[in-house]
file query.txt (compact mmCIF, N, CA, C and O atoms)
# COMPACT_ATOMS: atom_id res chain seq x y z
N MET A 77 -12.01 3.51 24.37
CA MET A 77 -11.64 4.47 23.35
C MET A 77 -10.32 4.05 22.69
O MET A 77 -10.15 4.23 21.50
N LEU A 78 -9.40 3.49 23.44
CA LEU A 78 -8.12 3.06 22.90
C LEU A 78 -8.31 2.00 21.84
O LEU A 78 -7.67 2.03 20.79
N CYS A 79 -9.21 1.07 22.07
CA CYS A 79 -9.49 0.00 21.11
C CYS A 79 -10.00 0.60 19.80
O CYS A 79 -9.61 0.16 18.71
N PHE A 80 -10.84 1.60 19.85
CA PHE A 80 -11.37 2.25 18.65
C PHE A 80 -10.24 2.90 17.86
O PHE A 80 -10.18 2.78 16.64
N ASN A 81 -9.33 3.57 18.56
CA ASN A 81 -8.20 4.22 17.89
C ASN A 81 -7.30 3.20 17.20
O ASN A 81 -6.81 3.43 16.11
N VAL A 82 -7.08 2.06 17.84
CA VAL A 82 -6.26 1.01 17.25
C VAL A 82 -6.94 0.46 16.01
O VAL A 82 -6.30 0.24 14.97
N LEU A 83 -8.25 0.23 16.09
CA LEU A 83 -9.00 -0.28 14.94
C LEU A 83 -8.96 0.70 13.78
O LEU A 83 -8.80 0.30 12.63
N MET A 84 -9.11 1.99 14.07
CA MET A 84 -9.09 2.99 13.01
C MET A 84 -7.70 3.08 12.38
O MET A 84 -7.57 3.25 11.17
N THR A 85 -6.66 2.95 13.17
CA THR A 85 -5.30 2.96 12.65
C THR A 85 -5.07 1.75 11.75
O THR A 85 -4.53 1.87 10.65
N ASN A 86 -5.51 0.57 12.19
CA ASN A 86 -5.38 -0.63 11.38
C ASN A 86 -6.16 -0.50 10.07
O ASN A 86 -5.67 -0.90 9.02
N HIS A 87 -7.34 0.05 10.15
CA HIS A 87 -8.15 0.23 8.96
C HIS A 87 -7.48 1.22 8.00
O HIS A 87 -7.42 0.99 6.79
N SER A 88 -6.96 2.30 8.52
CA SER A 88 -6.27 3.29 7.72
C SER A 88 -5.02 2.68 7.05
O SER A 88 -4.76 2.92 5.87
N ASP A 89 -4.27 1.89 7.81
CA ASP A 89 -3.09 1.22 7.25
C ASP A 89 -3.48 0.28 6.13
O ASP A 89 -2.80 0.20 5.10
N PHE A 90 -4.58 -0.44 6.31
CA PHE A 90 -5.08 -1.36 5.29
C PHE A 90 -5.45 -0.60 4.02
O PHE A 90 -5.10 -1.00 2.90
N LEU A 91 -6.17 0.52 4.17
CA LEU A 91 -6.57 1.30 3.00
C LEU A 91 -5.37 1.87 2.26
O LEU A 91 -5.35 1.90 1.02
N LYS A 92 -4.35 2.29 3.00
CA LYS A 92 -3.12 2.78 2.37
C LYS A 92 -2.43 1.68 1.58
O LYS A 92 -2.02 1.88 0.44
N PHE A 93 -2.31 0.51 2.20
CA PHE A 93 -1.66 -0.61 1.52
C PHE A 93 -2.44 -1.00 0.27
O PHE A 93 -1.87 -1.25 -0.79
N GLU A 94 -3.75 -1.02 0.38
CA GLU A 94 -4.60 -1.38 -0.75
C GLU A 94 -4.45 -0.38 -1.90
O GLU A 94 -4.42 -0.77 -3.07
N ALA A 95 -4.34 0.91 -1.58
CA ALA A 95 -4.17 1.93 -2.62
C ALA A 95 -2.84 1.75 -3.35
O ALA A 95 -2.78 1.84 -4.58
N VAL A 96 -1.79 1.48 -2.59
CA VAL A 96 -0.47 1.28 -3.20
C VAL A 96 -0.47 0.00 -4.03
O VAL A 96 0.06 -0.04 -5.15
N LEU A 97 -1.06 -1.06 -3.52
CA LEU A 97 -1.11 -2.32 -4.25
C LEU A 97 -1.88 -2.15 -5.56
O LEU A 97 -1.47 -2.67 -6.61
N ALA A 98 -2.98 -1.42 -5.55
CA ALA A 98 -3.75 -1.17 -6.77
C ALA A 98 -2.91 -0.38 -7.77
O ALA A 98 -2.94 -0.66 -8.98
N HIS A 99 -2.16 0.60 -7.28
CA HIS A 99 -1.26 1.38 -8.14
C HIS A 99 -0.23 0.46 -8.78
O HIS A 99 0.02 0.54 -9.99
N CYS A 100 0.36 -0.42 -7.99
CA CYS A 100 1.38 -1.35 -8.48
C CYS A 100 0.78 -2.35 -9.46
O CYS A 100 1.42 -2.72 -10.45
N GLU A 101 -0.45 -2.77 -9.20
CA GLU A 101 -1.11 -3.74 -10.06
C GLU A 101 -1.32 -3.17 -11.47
O GLU A 101 -1.17 -3.88 -12.47
N LYS A 102 -1.61 -1.87 -11.56
CA LYS A 102 -1.80 -1.23 -12.85
C LYS A 102 -0.49 -1.17 -13.64
O LYS A 102 -0.51 -1.17 -14.87
N ARG A 103 0.63 -1.10 -12.95
CA ARG A 103 1.91 -0.91 -13.61
C ARG A 103 2.75 -2.18 -13.74
O ARG A 103 3.78 -2.16 -14.40
N ALA A 104 2.32 -3.25 -13.12
CA ALA A 104 3.08 -4.50 -13.18
C ALA A 104 3.01 -5.10 -14.58
O ALA A 104 2.06 -4.88 -15.32
N SER A 105 4.04 -5.87 -14.91
CA SER A 105 4.11 -6.45 -16.25
C SER A 105 3.09 -7.57 -16.47
O SER A 105 2.67 -7.82 -17.59
N GLU A 106 2.70 -8.25 -15.42
CA GLU A 106 1.71 -9.32 -15.50
C GLU A 106 0.47 -8.94 -14.71
O GLU A 106 0.53 -8.11 -13.81
N ASP A 107 -0.62 -9.59 -15.01
CA ASP A 107 -1.88 -9.31 -14.33
C ASP A 107 -2.07 -10.28 -13.16
O ASP A 107 -2.87 -11.21 -13.24
N SER A 108 -1.27 -10.07 -12.10
CA SER A 108 -1.41 -10.90 -10.91
C SER A 108 -0.99 -10.09 -9.69
O SER A 108 -0.22 -9.14 -9.80
N LEU A 109 -1.50 -10.49 -8.54
CA LEU A 109 -1.10 -9.80 -7.30
C LEU A 109 0.36 -10.05 -6.97
O LEU A 109 1.04 -9.19 -6.43
N PHE A 110 0.86 -11.24 -7.33
CA PHE A 110 2.27 -11.54 -7.10
C PHE A 110 3.15 -10.56 -7.88
O PHE A 110 4.11 -10.01 -7.35
N ALA A 111 2.80 -10.32 -9.14
CA ALA A 111 3.55 -9.37 -9.96
C ALA A 111 3.45 -7.96 -9.39
O ALA A 111 4.43 -7.20 -9.40
N ALA A 112 2.27 -7.60 -8.88
CA ALA A 112 2.09 -6.28 -8.28
C ALA A 112 2.95 -6.13 -7.03
O ALA A 112 3.57 -5.08 -6.83
N MET A 113 3.01 -7.16 -6.22
CA MET A 113 3.86 -7.12 -5.02
C MET A 113 5.34 -7.00 -5.41
O MET A 113 6.09 -6.22 -4.80
N GLU A 114 5.75 -7.74 -6.41
CA GLU A 114 7.14 -7.67 -6.88
C GLU A 114 7.46 -6.28 -7.40
O GLU A 114 8.52 -5.73 -7.12
N TYR A 115 6.55 -5.71 -8.17
CA TYR A 115 6.74 -4.35 -8.68
C TYR A 115 6.86 -3.37 -7.51
O TYR A 115 7.74 -2.50 -7.51
N GLY A 116 5.99 -3.52 -6.53
CA GLY A 116 6.03 -2.63 -5.35
C GLY A 116 7.35 -2.74 -4.60
O GLY A 116 7.88 -1.74 -4.12
N ARG A 117 7.89 -3.94 -4.52
CA ARG A 117 9.19 -4.12 -3.86
C ARG A 117 10.31 -3.50 -4.70
O ARG A 117 11.20 -2.85 -4.16
N GLU A 118 10.25 -3.71 -6.02
CA GLU A 118 11.28 -3.16 -6.91
C GLU A 118 11.28 -1.63 -6.85
O GLU A 118 12.35 -1.02 -6.89
N MET A 119 10.11 -1.04 -6.76
CA MET A 119 10.00 0.42 -6.70
C MET A 119 10.19 0.94 -5.27
O MET A 119 10.12 2.14 -5.04
N GLN A 120 10.39 0.03 -4.35
CA GLN A 120 10.62 0.33 -2.93
C GLN A 120 9.42 1.01 -2.26
O GLN A 120 9.58 1.83 -1.37
N PHE A 121 8.21 0.62 -2.70
CA PHE A 121 6.99 1.07 -2.03
C PHE A 121 6.61 0.08 -0.93
O PHE A 121 5.97 0.45 0.05
N ILE A 122 6.99 -1.19 -1.13
CA ILE A 122 6.64 -2.26 -0.20
C ILE A 122 7.92 -2.89 0.30
O ILE A 122 8.82 -3.20 -0.49
N SER A 123 8.02 -3.08 1.61
CA SER A 123 9.23 -3.65 2.20
C SER A 123 9.23 -5.17 2.06
O SER A 123 8.24 -5.78 1.65
N GLY A 124 10.34 -5.76 2.41
CA GLY A 124 10.46 -7.22 2.40
C GLY A 124 9.55 -7.89 3.41
O GLY A 124 9.32 -9.10 3.33
N HIS A 125 9.03 -7.12 4.35
CA HIS A 125 8.11 -7.65 5.36
C HIS A 125 6.65 -7.42 4.97
O HIS A 125 5.75 -7.50 5.81
N ASN A 126 6.44 -7.08 3.69
CA ASN A 126 5.09 -6.85 3.16
C ASN A 126 4.34 -5.72 3.87
O ASN A 126 3.14 -5.82 4.13
N SER A 127 5.06 -4.67 4.18
CA SER A 127 4.42 -3.47 4.72
C SER A 127 4.91 -2.29 3.90
O SER A 127 5.87 -2.39 3.14
N LEU A 128 4.23 -1.17 4.01
CA LEU A 128 4.62 0.00 3.24
C LEU A 128 5.91 0.59 3.77
O LEU A 128 6.11 0.72 4.98
N SER A 129 6.77 0.96 2.86
CA SER A 129 8.00 1.67 3.23
C SER A 129 7.64 3.15 3.40
O SER A 129 6.47 3.55 3.20
N ALA A 130 8.62 3.97 3.71
CA ALA A 130 8.37 5.40 3.86
C ALA A 130 7.88 5.99 2.54
O ALA A 130 6.92 6.78 2.52
N SER A 131 8.49 5.59 1.41
CA SER A 131 8.02 6.10 0.13
C SER A 131 6.65 5.54 -0.22
O SER A 131 5.84 6.21 -0.86
N GLY A 132 6.36 4.31 0.20
CA GLY A 132 5.03 3.74 0.00
C GLY A 132 3.97 4.50 0.78
O GLY A 132 2.85 4.71 0.30
N GLU A 133 4.32 4.91 2.00
CA GLU A 133 3.39 5.72 2.81
C GLU A 133 3.09 7.04 2.12
O GLU A 133 1.94 7.47 2.06
N ARG A 134 4.13 7.69 1.58
CA ARG A 134 3.93 8.96 0.89
C ARG A 134 3.09 8.77 -0.38
O ARG A 134 2.21 9.58 -0.68
N LEU A 135 3.37 7.69 -1.12
CA LEU A 135 2.59 7.41 -2.31
C LEU A 135 1.13 7.18 -1.93
O LEU A 135 0.22 7.69 -2.59
N ALA A 136 0.88 6.44 -0.87
CA ALA A 136 -0.49 6.17 -0.41
C ALA A 136 -1.22 7.47 -0.09
O ALA A 136 -2.38 7.64 -0.47
N GLU A 137 -0.53 8.36 0.59
CA GLU A 137 -1.17 9.64 0.94
C GLU A 137 -1.54 10.42 -0.32
O GLU A 137 -2.62 11.00 -0.41
N MET A 138 -0.64 10.42 -1.33
CA MET A 138 -0.95 11.13 -2.57
C MET A 138 -2.10 10.45 -3.32
O MET A 138 -2.99 11.14 -3.83
N LEU A 139 -2.07 9.13 -3.37
CA LEU A 139 -3.14 8.40 -4.07
C LEU A 139 -4.49 8.62 -3.39
O LEU A 139 -5.51 8.75 -4.07
N MET A 140 -4.49 8.64 -2.09
CA MET A 140 -5.75 8.77 -1.36
C MET A 140 -6.31 10.19 -1.45
O MET A 140 -7.51 10.39 -1.30
N LEU A 141 -5.46 11.17 -1.72
CA LEU A 141 -5.94 12.53 -1.89
C LEU A 141 -6.65 12.71 -3.22
O LEU A 141 -7.53 13.55 -3.35
N THR A 142 -6.27 11.90 -4.21
CA THR A 142 -6.84 12.05 -5.54
C THR A 142 -8.13 11.27 -5.73
O THR A 142 -8.79 11.41 -6.75
N THR A 143 -8.51 10.45 -4.76
CA THR A 143 -9.74 9.66 -4.91
C THR A 143 -10.89 10.30 -4.19
O THR A 143 -10.80 11.14 -3.39
call {"tool": "encode", "arguments": {"input": "query.txt", "output": "structure tokens"}}
result
Amino acid sequence: MLCFNVLMTNHSDFLKFEAVLAHCEKRASEDSLFAAMEYGREMQFISGHNSLSASGERLAEMLMLTT
């Protein structure tokens, strides 16, 4: 059961990151994932370690509620 919970957490984290990255991709100045990542870092949604920051987590929750 523990393995299932870890997998579901990883999957949930992936979906959150993907939602934030898609949001950033729409707003980035260029049409590339690199530009989207840079935008996400500038807006402090994505940390320097390529994971969601606290504000990125909140944004992901809001984005996922609207889909």
call {"tool": "closest_residue", "arguments": {"input": "query.txt", "among": "A:Leu97, A:Ser127, A:Ile122, A:Phe90", "to": "Leu109 in chain A", "atoms": "all atoms listed in the file"}}
result
A:Leu97
call {"tool": "select_by_dssp", "arguments": {"input": "query.txt", "residues": "chain A", "states": "helix (DSSP H, G or I)", "output": "NGL selection string"}}
result
:A and (78-103 or 109-118 or 130-142)
call {"tool": "residues_around", "arguments": {"input": "query.txt", "residues": "Glu133 in chain A", "least_positions_apart": "2", "cutoff": "8 Å", "atoms": "only N, CA, C and O atoms", "output": "list in words"}}
result
Lys92, Phe93, Val96, Gln120, Phe121, Ile122, Ser127, Leu128, Ser129, Ala130, Ser131, Leu135, Ala136, Glu137, Met138, Leu139 and Met140 of chain A
call {"tool": "axis_aligned_box", "arguments": {"input": "query.txt", "around": "range 112-117 of chain A", "padding_each_side": "8 Å", "output": "JSON"}}
result
{"center_x": 6.6, "center_y": -4.7, "center_z": -6.4, "size_x": 25.1, "size_y": 22.0, "size_z": 21.0}
call {"tool": "atom_distance", "arguments": {"input": "query.txt", "atom1": "atom N of Glu94 in chain A", "atom2": "atom C of Phe110 in chain A"}}
result
14.4 Å
call {"tool": "closest_residue", "arguments": {"input": "query.txt", "among": "A:His125, A:His87, A:Arg134, A:His99", "to": "Ala112 in chain A", "atoms": "only C-alpha atoms"}}
result
A:His99
call {"tool": "closest_residue", "arguments": {"input": "query.txt", "among": "A:Met119, A:Met113, A:Ala98, A:Ala104", "to": "Gly132 in chain A", "atoms": "only C-alpha atoms"}}
result
A:Met119
call {"tool": "atom_distance", "arguments": {"input": "query.txt", "atom1": "CA of Glu118 in chain A", "atom2": "CA of Thr85 in chain A"}}
result
26.4 Å
call {"tool": "atom_distance", "arguments": {"input": "query.txt", "atom1": "CA of Lys102 in chain A", "atom2": "CA of Gly116 in chain A"}}
result
10.9 Å
call {"tool": "build_atoms", "arguments": {"input": "query.txt", "residues": "range 97-108 of chain A", "atoms": "all heavy atoms", "output": "PDB file, keeping the file's coordinate frame"}}
result
ATOM      1  N   LEU A  97      -1.060  -1.060  -3.520  1.00  0.00           N
ATOM      2  CA  LEU A  97      -1.110  -2.320  -4.250  1.00  0.00           C
ATOM      3  C   LEU A  97      -1.880  -2.150  -5.560  1.00  0.00           C
ATOM      4  O   LEU A  97      -1.470  -2.670  -6.610  1.00  0.00           O
ATOM      5  CB  LEU A  97      -1.719  -3.418  -3.391  1.00  0.00           C
ATOM      6  CG  LEU A  97      -1.683  -4.821  -3.977  1.00  0.00           C
ATOM      7  CD1 LEU A  97      -0.251  -5.251  -4.267  1.00  0.00           C
ATOM      8  CD2 LEU A  97      -2.340  -5.804  -3.031  1.00  0.00           C
ATOM      9  N   ALA A  98      -2.980  -1.420  -5.550  1.00  0.00           N
ATOM     10  CA  ALA A  98      -3.750  -1.170  -6.770  1.00  0.00           C
ATOM     11  C   ALA A  98      -2.910  -0.380  -7.770  1.00  0.00           C
ATOM     12  O   ALA A  98      -2.940  -0.660  -8.980  1.00  0.00           O
ATOM     13  CB  ALA A  98      -5.037  -0.419  -6.442  1.00  0.00           C
ATOM     14  N   HIS A  99      -2.160   0.600  -7.280  1.00  0.00           N
ATOM     15  CA  HIS A  99      -1.260   1.380  -8.140  1.00  0.00           C
ATOM     16  C   HIS A  99      -0.230   0.460  -8.780  1.00  0.00           C
ATOM     17  O   HIS A  99       0.020   0.540  -9.990  1.00  0.00           O
ATOM     18  CB  HIS A  99      -0.576   2.460  -7.292  1.00  0.00           C
ATOM     19  CG  HIS A  99       0.505   3.190  -8.001  1.00  0.00           C
ATOM     20  ND1 HIS A  99       0.260   4.237  -8.853  1.00  0.00           N
ATOM     21  CD2 HIS A  99       1.848   3.024  -7.979  1.00  0.00           C
ATOM     22  CE1 HIS A  99       1.408   4.680  -9.332  1.00  0.00           C
ATOM     23  NE2 HIS A  99       2.384   3.960  -8.812  1.00  0.00           N
ATOM     24  N   CYS A 100       0.360  -0.420  -7.990  1.00  0.00           N
ATOM     25  CA  CYS A 100       1.380  -1.350  -8.480  1.00  0.00           C
ATOM     26  C   CYS A 100       0.780  -2.350  -9.460  1.00  0.00           C
ATOM     27  O   CYS A 100       1.420  -2.720 -10.450  1.00  0.00           O
ATOM     28  CB  CYS A 100       2.047  -2.079  -7.323  1.00  0.00           C
ATOM     29  SG  CYS A 100       3.023  -0.991  -6.253  1.00  0.00           S
ATOM     30  N   GLU A 101      -0.450  -2.770  -9.200  1.00  0.00           N
ATOM     31  CA  GLU A 101      -1.110  -3.740 -10.060  1.00  0.00           C
ATOM     32  C   GLU A 101      -1.320  -3.170 -11.470  1.00  0.00           C
ATOM     33  O   GLU A 101      -1.170  -3.880 -12.470  1.00  0.00           O
ATOM     34  CB  GLU A 101      -2.449  -4.146  -9.451  1.00  0.00           C
ATOM     35  CG  GLU A 101      -3.074  -5.348 -10.076  1.00  0.00           C
ATOM     36  CD  GLU A 101      -4.308  -5.809  -9.314  1.00  0.00           C
ATOM     37  OE1 GLU A 101      -4.855  -5.037  -8.500  1.00  0.00           O
ATOM     38  OE2 GLU A 101      -4.727  -6.947  -9.546  1.00  0.00           O
ATOM     39  N   LYS A 102      -1.610  -1.870 -11.560  1.00  0.00           N
ATOM     40  CA  LYS A 102      -1.800  -1.230 -12.850  1.00  0.00           C
ATOM     41  C   LYS A 102      -0.490  -1.170 -13.640  1.00  0.00           C
ATOM     42  O   LYS A 102      -0.510  -1.170 -14.870  1.00  0.00           O
ATOM     43  CB  LYS A 102      -2.320   0.196 -12.668  1.00  0.00           C
ATOM     44  CG  LYS A 102      -3.734   0.266 -12.167  1.00  0.00           C
ATOM     45  CD  LYS A 102      -4.132   1.713 -11.941  1.00  0.00           C
ATOM     46  CE  LYS A 102      -5.477   1.810 -11.263  1.00  0.00           C
ATOM     47  NZ  LYS A 102      -5.804   3.195 -10.885  1.00  0.00           N
ATOM     48  N   ARG A 103       0.630  -1.100 -12.950  1.00  0.00           N
ATOM     49  CA  ARG A 103       1.910  -0.910 -13.610  1.00  0.00           C
ATOM     50  C   ARG A 103       2.750  -2.180 -13.740  1.00  0.00           C
ATOM     51  O   ARG A 103       3.780  -2.160 -14.400  1.00  0.00           O
ATOM     52  CB  ARG A 103       2.689   0.157 -12.871  1.00  0.00           C
ATOM     53  CG  ARG A 103       2.106   1.527 -13.167  1.00  0.00           C
ATOM     54  CD  ARG A 103       2.451   2.542 -12.124  1.00  0.00           C
ATOM     55  NE  ARG A 103       1.939   3.857 -12.483  1.00  0.00           N
ATOM     56  CZ  ARG A 103       0.668   4.226 -12.391  1.00  0.00           C
ATOM     57  NH1 ARG A 103      -0.235   3.375 -11.967  1.00  0.00           N
ATOM     58  NH2 ARG A 103       0.279   5.436 -12.731  1.00  0.00           N
ATOM     59  N   ALA A 104       2.320  -3.250 -13.120  1.00  0.00           N
ATOM     60  CA  ALA A 104       3.080  -4.500 -13.180  1.00  0.00           C
ATOM     61  C   ALA A 104       3.010  -5.100 -14.580  1.00  0.00           C
ATOM     62  O   ALA A 104       2.060  -4.880 -15.320  1.00  0.00           O
ATOM     63  CB  ALA A 104       2.533  -5.496 -12.151  1.00  0.00           C
ATOM     64  N   SER A 105       4.040  -5.870 -14.910  1.00  0.00           N
ATOM     65  CA  SER A 105       4.110  -6.450 -16.250  1.00  0.00           C
ATOM     66  C   SER A 105       3.090  -7.570 -16.470  1.00  0.00           C
ATOM     67  O   SER A 105       2.670  -7.820 -17.590  1.00  0.00           O
ATOM     68  CB  SER A 105       5.525  -6.987 -16.505  1.00  0.00           C
ATOM     69  OG  SER A 105       5.854  -7.971 -15.541  1.00  0.00           O
ATOM     70  N   GLU A 106       2.700  -8.250 -15.420  1.00  0.00           N
ATOM     71  CA  GLU A 106       1.710  -9.320 -15.500  1.00  0.00           C
ATOM     72  C   GLU A 106       0.470  -8.940 -14.710  1.00  0.00           C
ATOM     73  O   GLU A 106       0.530  -8.110 -13.810  1.00  0.00           O
ATOM     74  CB  GLU A 106       2.288 -10.618 -14.936  1.00  0.00           C
ATOM     75  CG  GLU A 106       3.489 -11.140 -15.689  1.00  0.00           C
ATOM     76  CD  GLU A 106       4.088 -12.347 -15.007  1.00  0.00           C
ATOM     77  OE1 GLU A 106       3.343 -13.089 -14.345  1.00  0.00           O
ATOM     78  OE2 GLU A 106       5.301 -12.534 -15.126  1.00  0.00           O
ATOM     79  N   ASP A 107      -0.620  -9.590 -15.010  1.00  0.00           N
ATOM     80  CA  ASP A 107      -1.880  -9.310 -14.330  1.00  0.00           C
ATOM     81  C   ASP A 107      -2.070 -10.280 -13.160  1.00  0.00           C
ATOM     82  O   ASP A 107      -2.870 -11.210 -13.240  1.00  0.00           O
ATOM     83  CB  ASP A 107      -3.045  -9.427 -15.320  1.00  0.00           C
ATOM     84  CG  ASP A 107      -4.349  -8.941 -14.719  1.00  0.00           C
ATOM     85  OD1 ASP A 107      -4.300  -8.145 -13.767  1.00  0.00           O
ATOM     86  OD2 ASP A 107      -5.411  -9.366 -15.195  1.00  0.00           O
ATOM     87  N   SER A 108      -1.270 -10.070 -12.100  1.00  0.00           N
ATOM     88  CA  SER A 108      -1.410 -10.900 -10.910  1.00  0.00           C
ATOM     89  C   SER A 108      -0.990 -10.090  -9.690  1.00  0.00           C
ATOM     90  O   SER A 108      -0.220  -9.140  -9.800  1.00  0.00           O
ATOM     91  CB  SER A 108      -0.556 -12.158 -11.018  1.00  0.00           C
ATOM     92  OG  SER A 108       0.810 -11.847 -10.884  1.00  0.00           O
TER      93      SER A 108
END
